[in-house]
Amino acid sequence: MDIIFNVFYRLTKDRFFFNYFSSQKGKKLRYSCSIIESGCCLIQVLPSLREKHDEFMLRELVKRWSNHKVMVRWLSRFFHYLDRYFIARRSLPPLNEVGLICFREQVYMELNGKVRDAVISLIDQEREGEQIDRALLKNVLDIFVEIGMTHMDYYENDFEEAMLKDTAAYYSRKASNWILEDSCPDYMLKAEECLRWEKDRVSHYLHSSSEPKLLEKVQHELLSVYASQLLEKEHSGCHALLRDDKVEDLSRMFRLFSKIPKGLDPVSSIFKQHVTAEGTALVKQAEDAASNKKADKRDTVGLQEQVFVRKVIELHDKYLAYVNNCFQNHTLFHKALKEAFEVFCNKGVAGSSSAELLATFCDNILKKGGSEKLSDEAIEETLEKVVKLLAYISDKDLFAEFYRKKLARRLLFDKSANDDHERSILTKLKQQCGGQFTSKMEGMVTDLTLARENQTSFEEYLSNNSQANPGIDLTVTVLTTGFWPSYKSFDLNLPAEMVRCVEVFKEFYQTKTKHRKLTWIYSLGTCNLIGKFEPKTMELIVTTYQASALLLFNAADRLSYSEIMTQLNLTDDDVVRLLHSLSCAKYKILNKEPNTKTISPTDYFEFNSKFTDKMRRIKIPLPPVDEKKKVIEDVDKDRRYAIDASIVRIMKSRKVLGHQQLVMECVEQLGRMFKPDFKAIKKRIEDLITRDYLERDKDNPNLFRYLA
Amino acid sequence: MAEFSCHAALRLSFILFNYFCLNFFYSASSKASTKEMERIDNLFYSYGNRSSSMIDPEGIEALCSDMEIDHTDVRILMLAWKMKAEKQGYFTLEWRQGLKALRADTVSKLKKALPELEKEVRRASSFVDFYSYAFRYCLTEEKQKSIDIESICQLLDLVLGSQFRAQVDYFIDYLKTQSDYKVINMDQWMGFYRYCNEISFPDHKNYDPELAWPLILDNFVEWMRAKQAAQN
């Protein structure tokens, strides 16, 4: 070395000499530099490296490399002048570059294969848990990087590629064993650990650009290859984890599988299957309970369904928490949850659709003395959840209709426990389903407030017009047609006392407003009667129908079925129902002849003057008619109109449209309220063709045209 | 018409012969320039009423018996189609054009022209027109758009019976057992013809209810399939 240095030193020192060379024999000088340099490498570096192997070889290499770098640095300093002027002028590679190239061509080219193998075997040793000299590896790998100067080609081609290949092979070997031996959670633990180690490895000695590639390889070998096998492991797979509520393992599963492409798809589909199965089991359970119940007691039907809705809410809470926590709020899982709930939420239990069940559930919470005793906060929370469940139900219109029916009962019979809750659930429904959905219900609640004000002014009117006072306390609730469910209004023959009441109110109403027609719905009325029985006088709370029937007995002691029917002017169904409530049920105000449990048209009735009860005030219930069928019919009718309107709307804007597209758009438009049946849509199309709104295209039978 | 409508069979025969001329100008201005025209007019008035310029149901029945064909014969309907008869009940002077096209100025010539006419109708291009004409011809009331099931069954039998015997029989059977439909509209009527032509019968293997078939045909195919399943 000294000799070389001397040569160079002398060369540079002698400016003249240098100038001479630089002008005349520059090329030769550079040439001799290279020779000298490579000579030094060849002579001194290679042999020592060739002798050594593995780690020792690496150490030697690192040492030699650093020496070389020192030397190159010094060289370029010595020949700084050369470097700056001569080389720049001739646009030759700078000296330090030449130094690197020298090393690369002489040493690196010969040794890189050996070095790579040594490094990889060290990495493998570390993977197996042995301690290795990480600093050494770091230095060796730096050579790969530095030797390429600014390019990564040498690192990538000579080292990284083989390293990745080896990694893949290593984990493929490992995974094939683990998948057989380990349970799913253990496997995932190992996989997560491996990934962490590999990351660690990169930060310690690999080049940072290797991280994504390396992790991708490991994830592929450990997860992608065995994904389905892992997820479907019989006793510990995803199903089992969900079944056993292994929240932590599920979170880990999410973390791992979120990293591989399409990795979450199978997880979310298993999640969906699981939730669907759980929900379907609840439906089945409720179904069984309902059928058992029916055998012995019909009265308590409803309680089981109540329990069912509760359980569905709980199920939803549980799995929503899973989605939010374990599955980090991922959209895929929200979708899976939604789809799963849509499956079983639309099944219905024991002949009741889920829309009805939800409406009944709400009714039970909101009415006085419902089966649920909850604090205000709990009620709010439960209502919130019910509304959330409603999102999964396709027949929202059916829910609305049932809800309105029940709301009407609560409002009219003063059964609503809390006005604030009534309004709060309406707000929630409005938020979720839109203003149109709740406008009628809100109208109903407002009607009742108005009715109360109206009542006050009616009472004022009575006190001012004492001659008009009918002598009976009368409360009238004036409702707006359209907001409320439709009720049949019969021409019940009211007792004279009540007729007077009606007249008085009509007069009063006339003073308030003209052009409004009052329709009286007696079937919704209640009366408090004072009954003078022999044992004691009692107060009876009855419906207007019942009262009218009872008051007939003021004029006669004994009446036949047909006499009662003609005097009341009611249908058979109604007469049977109300006579049953008065003579065959708990309180027998009337004696029936013959004394049987059912009403027949040949029966006779008599006032039971001996009747008594331990209470002074009793309520005689008149079981409501089963309205379910009517509600469903009403909804069906409304749907026909809705489908018609939707088809006409679509066709009006499109003019010409293919059948399938029309059906699709129609389903989409109406989906917010209900899921129209394809057949129903076709039927409406058929009908619209008859009514000349549409026609079939003459050449393409699958095309419809709008006829304006 | 009220007395006829009670008996479907009878009624159909009248449906077939009713013929009415709307073209006032034509009938007013036309002095038959050729002898043929004169003969056609003579033939017309031998059955029809001179003052009202139309052949009434009795006249039509007389014509039928002179031609020696049954008044429920499909060929009479074809004749009505050829004459572009607009309304059932009465034949009017528009008969000229039809007869001229058939080159018939006597009953016997008319009778001889019938096979040719039948051939013409059975050609695919004109049959669709004839088929839809048959439906329109049965619409007797103002703004009537549908025809009751019973008449439809007879009309189907008459018009399509010879071509698609099996389909027609099953469809009539279905129409008589179902309760969803009381009347059939033009679209359903045309749909059935398309069905007969396009759908492989009786396996229905190329029938797709997703397509725009009228619902009544979906139901019919469903009914057929259930029936076939029950038999196997």
# chains A, B, ... in the order shown; residues from 1 in each chain; ligands from 1
$ interface_residues --of "chain A" --to "chain B" --cutoff "9 Å" --atoms "only C-alpha atoms" --output "PyMOL selection string"
chain A and resi 658-660+678-680+682-683+685-687+689-691+695-696+701-703
$ residues_around --residues "Asn554 in chain A" --least-positions-apart "4" --cutoff "12 Å" --atoms "only C-alpha atoms" --output "ChimeraX atom specification"
/A:495-496,531-532,547-550,558-559,606-607,609
$ select_by_dssp --residues "range 498-642 of chain A" --states "strand (DSSP E or B)" --output "list in words"
Thr526, Cys527, Asn528, Leu529, Ile530, Gly531, Lys532, Thr537, Met538, Glu539, Leu540, Ile541, Val542, Thr543, Arg558, Leu559, Ser560, Leu590, Asn591, Lys592, Glu593, Tyr604, Phe605, Glu606, Phe607, Arg617, Ile618 and Lys619 of chain A
$ write_last_selection --atoms "N, CA and C atoms" --output "compact mmCIF listing (two decimals), in the first residue's frame"
# COMPACT_ATOMS: atom_id res chain seq x y z
N THR A 526 -116.56 5.15 25.35
CA THR A 526 -116.74 4.47 26.63
C THR A 526 -117.76 5.24 27.46
N CYS A 527 -118.46 4.52 28.33
CA CYS A 527 -119.45 5.14 29.21
C CYS A 527 -119.26 4.67 30.64
N ASN A 528 -119.53 5.56 31.56
CA ASN A 528 -119.59 5.14 32.96
C ASN A 528 -121.07 5.11 33.36
N LEU A 529 -121.52 3.90 33.72
CA LEU A 529 -122.93 3.74 34.09
C LEU A 529 -123.02 3.50 35.58
N ILE A 530 -124.10 4.02 36.18
CA ILE A 530 -124.38 3.66 37.57
C ILE A 530 -125.45 2.57 37.55
N GLY A 531 -125.09 1.42 38.08
CA GLY A 531 -126.04 0.31 38.10
C GLY A 531 -126.60 0.13 39.51
N LYS A 532 -127.94 0.17 39.61
CA LYS A 532 -128.53 -0.01 40.95
C LYS A 532 -128.91 -1.47 41.12
N THR A 537 -125.12 -0.39 44.91
CA THR A 537 -125.03 0.36 43.66
C THR A 537 -123.57 0.36 43.20
N MET A 538 -123.40 0.16 41.92
CA MET A 538 -122.02 0.07 41.43
C MET A 538 -121.84 0.93 40.19
N GLU A 539 -120.58 1.26 39.95
CA GLU A 539 -120.26 2.01 38.74
C GLU A 539 -119.67 1.04 37.72
N LEU A 540 -120.24 1.06 36.53
CA LEU A 540 -119.74 0.15 35.49
C LEU A 540 -119.07 0.97 34.40
N ILE A 541 -117.85 0.57 34.06
CA ILE A 541 -117.20 1.24 32.94
C ILE A 541 -117.33 0.33 31.73
N VAL A 542 -118.09 0.80 30.75
CA VAL A 542 -118.39 -0.04 29.59
C VAL A 542 -118.20 0.76 28.31
N THR A 543 -118.28 0.06 27.19
CA THR A 543 -118.20 0.78 25.92
C THR A 543 -119.58 1.34 25.59
N ARG A 558 -137.02 -8.10 30.09
CA ARG A 558 -136.57 -9.28 29.37
C ARG A 558 -136.61 -9.00 27.88
N LEU A 559 -135.54 -9.28 27.21
CA LEU A 559 -135.47 -9.01 25.77
C LEU A 559 -134.88 -10.20 25.04
N SER A 560 -135.34 -10.44 23.82
CA SER A 560 -134.76 -11.53 23.03
C SER A 560 -133.59 -10.99 22.23
N LEU A 590 -126.17 -9.42 32.78
CA LEU A 590 -127.41 -9.95 32.22
C LEU A 590 -127.47 -11.45 32.46
N ASN A 591 -128.67 -11.93 32.73
CA ASN A 591 -128.87 -13.37 32.80
C ASN A 591 -129.35 -13.84 31.45
N LYS A 592 -128.75 -14.93 31.04
CA LYS A 592 -129.09 -15.43 29.71
C LYS A 592 -129.91 -16.71 29.84
N GLU A 593 -130.84 -16.85 28.94
CA GLU A 593 -131.64 -18.07 28.91
C GLU A 593 -131.50 -18.71 27.54
N TYR A 604 -132.64 -15.46 25.22
CA TYR A 604 -133.33 -14.34 25.89
C TYR A 604 -132.44 -13.79 26.98
N PHE A 605 -132.60 -12.50 27.25
CA PHE A 605 -131.74 -11.87 28.25
C PHE A 605 -132.57 -11.09 29.26
N GLU A 606 -132.06 -11.04 30.48
CA GLU A 606 -132.80 -10.43 31.58
C GLU A 606 -131.80 -9.69 32.45
N PHE A 607 -132.20 -8.58 33.04
CA PHE A 607 -131.30 -7.83 33.90
C PHE A 607 -131.04 -8.62 35.19
N ARG A 617 -116.42 -0.29 41.66
CA ARG A 617 -116.29 0.25 40.32
C ARG A 617 -115.62 -0.83 39.47
N ILE A 618 -116.30 -1.27 38.44
CA ILE A 618 -115.70 -2.35 37.63
C ILE A 618 -115.69 -1.97 36.16
N LYS A 619 -114.71 -2.54 35.50
CA LYS A 619 -114.59 -2.30 34.07
C LYS A 619 -114.97 -3.59 33.35
$ closest_residue --among "B:Arg122, B:Gly161, B:Met67, B:Glu142" --to "Leu110 in chain B" --atoms "only C-alpha atoms"
B:Met67
$ residues_around --residues "range 125-136 of chain B" --least-positions-apart "2" --cutoff "10 Å" --atoms "only C-alpha atoms" --output "PDB file with C-alpha atoms, in the first residue's frame"
ATOM      1  CA  ILE B  15    -120.222 -11.347 -33.224  1.00  0.00           C
ATOM      2  CA  LEU B  16    -118.908 -12.887 -36.361  1.00  0.00           C
ATOM      3  CA  LEU B  77    -114.783 -14.617 -38.797  1.00  0.00           C
ATOM      4  CA  MET B  78    -112.164 -14.588 -41.504  1.00  0.00           C
ATOM      5  CA  ALA B  80    -115.400 -10.348 -41.347  1.00  0.00           C
ATOM      6  CA  TRP B  81    -111.655  -9.740 -41.014  1.00  0.00           C
ATOM      7  CA  LYS B  82    -111.291  -9.476 -44.781  1.00  0.00           C
ATOM      8  CA  LYS B  84    -112.478  -5.036 -42.038  1.00  0.00           C
ATOM      9  CA  ALA B  85    -115.739  -5.077 -40.156  1.00  0.00           C
ATOM     10  CA  GLU B  86    -115.557  -2.579 -37.322  1.00  0.00           C
ATOM     11  CA  LYS B  87    -118.409  -3.489 -35.100  1.00  0.00           C
ATOM     12  CA  GLN B  88    -120.381  -6.562 -34.457  1.00  0.00           C
ATOM     13  CA  GLU B 118    -108.481 -19.274 -45.258  1.00  0.00           C
ATOM     14  CA  LYS B 119    -105.064 -19.783 -46.830  1.00  0.00           C
ATOM     15  CA  GLU B 120    -104.480 -16.073 -46.715  1.00  0.00           C
ATOM     16  CA  VAL B 121    -105.404 -15.870 -43.060  1.00  0.00           C
ATOM     17  CA  ARG B 122    -103.233 -18.801 -42.107  1.00  0.00           C
ATOM     18  CA  ARG B 123    -100.159 -17.101 -43.522  1.00  0.00           C
ATOM     19  CA  CYS B 138    -115.610  -9.008 -29.694  1.00  0.00           C
ATOM     20  CA  LEU B 139    -115.457  -5.661 -27.923  1.00  0.00           C
ATOM     21  CA  THR B 140    -119.032  -4.547 -28.272  1.00  0.00           C
ATOM     22  CA  GLN B 144    -114.729  -1.925 -23.365  1.00  0.00           C
ATOM     23  CA  LYS B 145    -111.181  -3.234 -23.164  1.00  0.00           C
ATOM     24  CA  SER B 146    -111.526  -6.726 -21.840  1.00  0.00           C
ATOM     25  CA  ILE B 147    -113.543  -9.788 -22.661  1.00  0.00           C
ATOM     26  CA  ILE B 152    -112.437 -15.836 -24.502  1.00  0.00           C
ATOM     27  CA  LEU B 155    -112.876 -17.481 -29.214  1.00  0.00           C
ATOM     28  CA  LEU B 156    -109.584 -19.213 -28.430  1.00  0.00           C
ATOM     29  CA  LEU B 158    -112.275 -21.076 -32.675  1.00  0.00           C
ATOM     30  CA  VAL B 159    -109.219 -19.114 -33.665  1.00  0.00           C
ATOM     31  CA  LEU B 160    -106.275 -21.099 -32.338  1.00  0.00           C
ATOM     32  CA  ILE B 184    -108.815 -10.914 -20.388  1.00  0.00           C
ATOM     33  CA  ASN B 185    -107.299  -7.871 -21.991  1.00  0.00           C
ATOM     34  CA  MET B 186    -105.748  -7.467 -25.414  1.00  0.00           C
ATOM     35  CA  ASP B 187    -102.213  -7.735 -24.104  1.00  0.00           C
ATOM     36  CA  TRP B 189    -104.669 -12.245 -25.528  1.00  0.00           C
ATOM     37  CA  MET B 190    -101.705 -11.398 -27.728  1.00  0.00           C
ATOM     38  CA  TYR B 193    -100.382 -16.279 -29.113  1.00  0.00           C
ATOM     39  CA  ARG B 194     -96.762 -15.390 -28.569  1.00  0.00           C
TER      40      ARG B 194
END
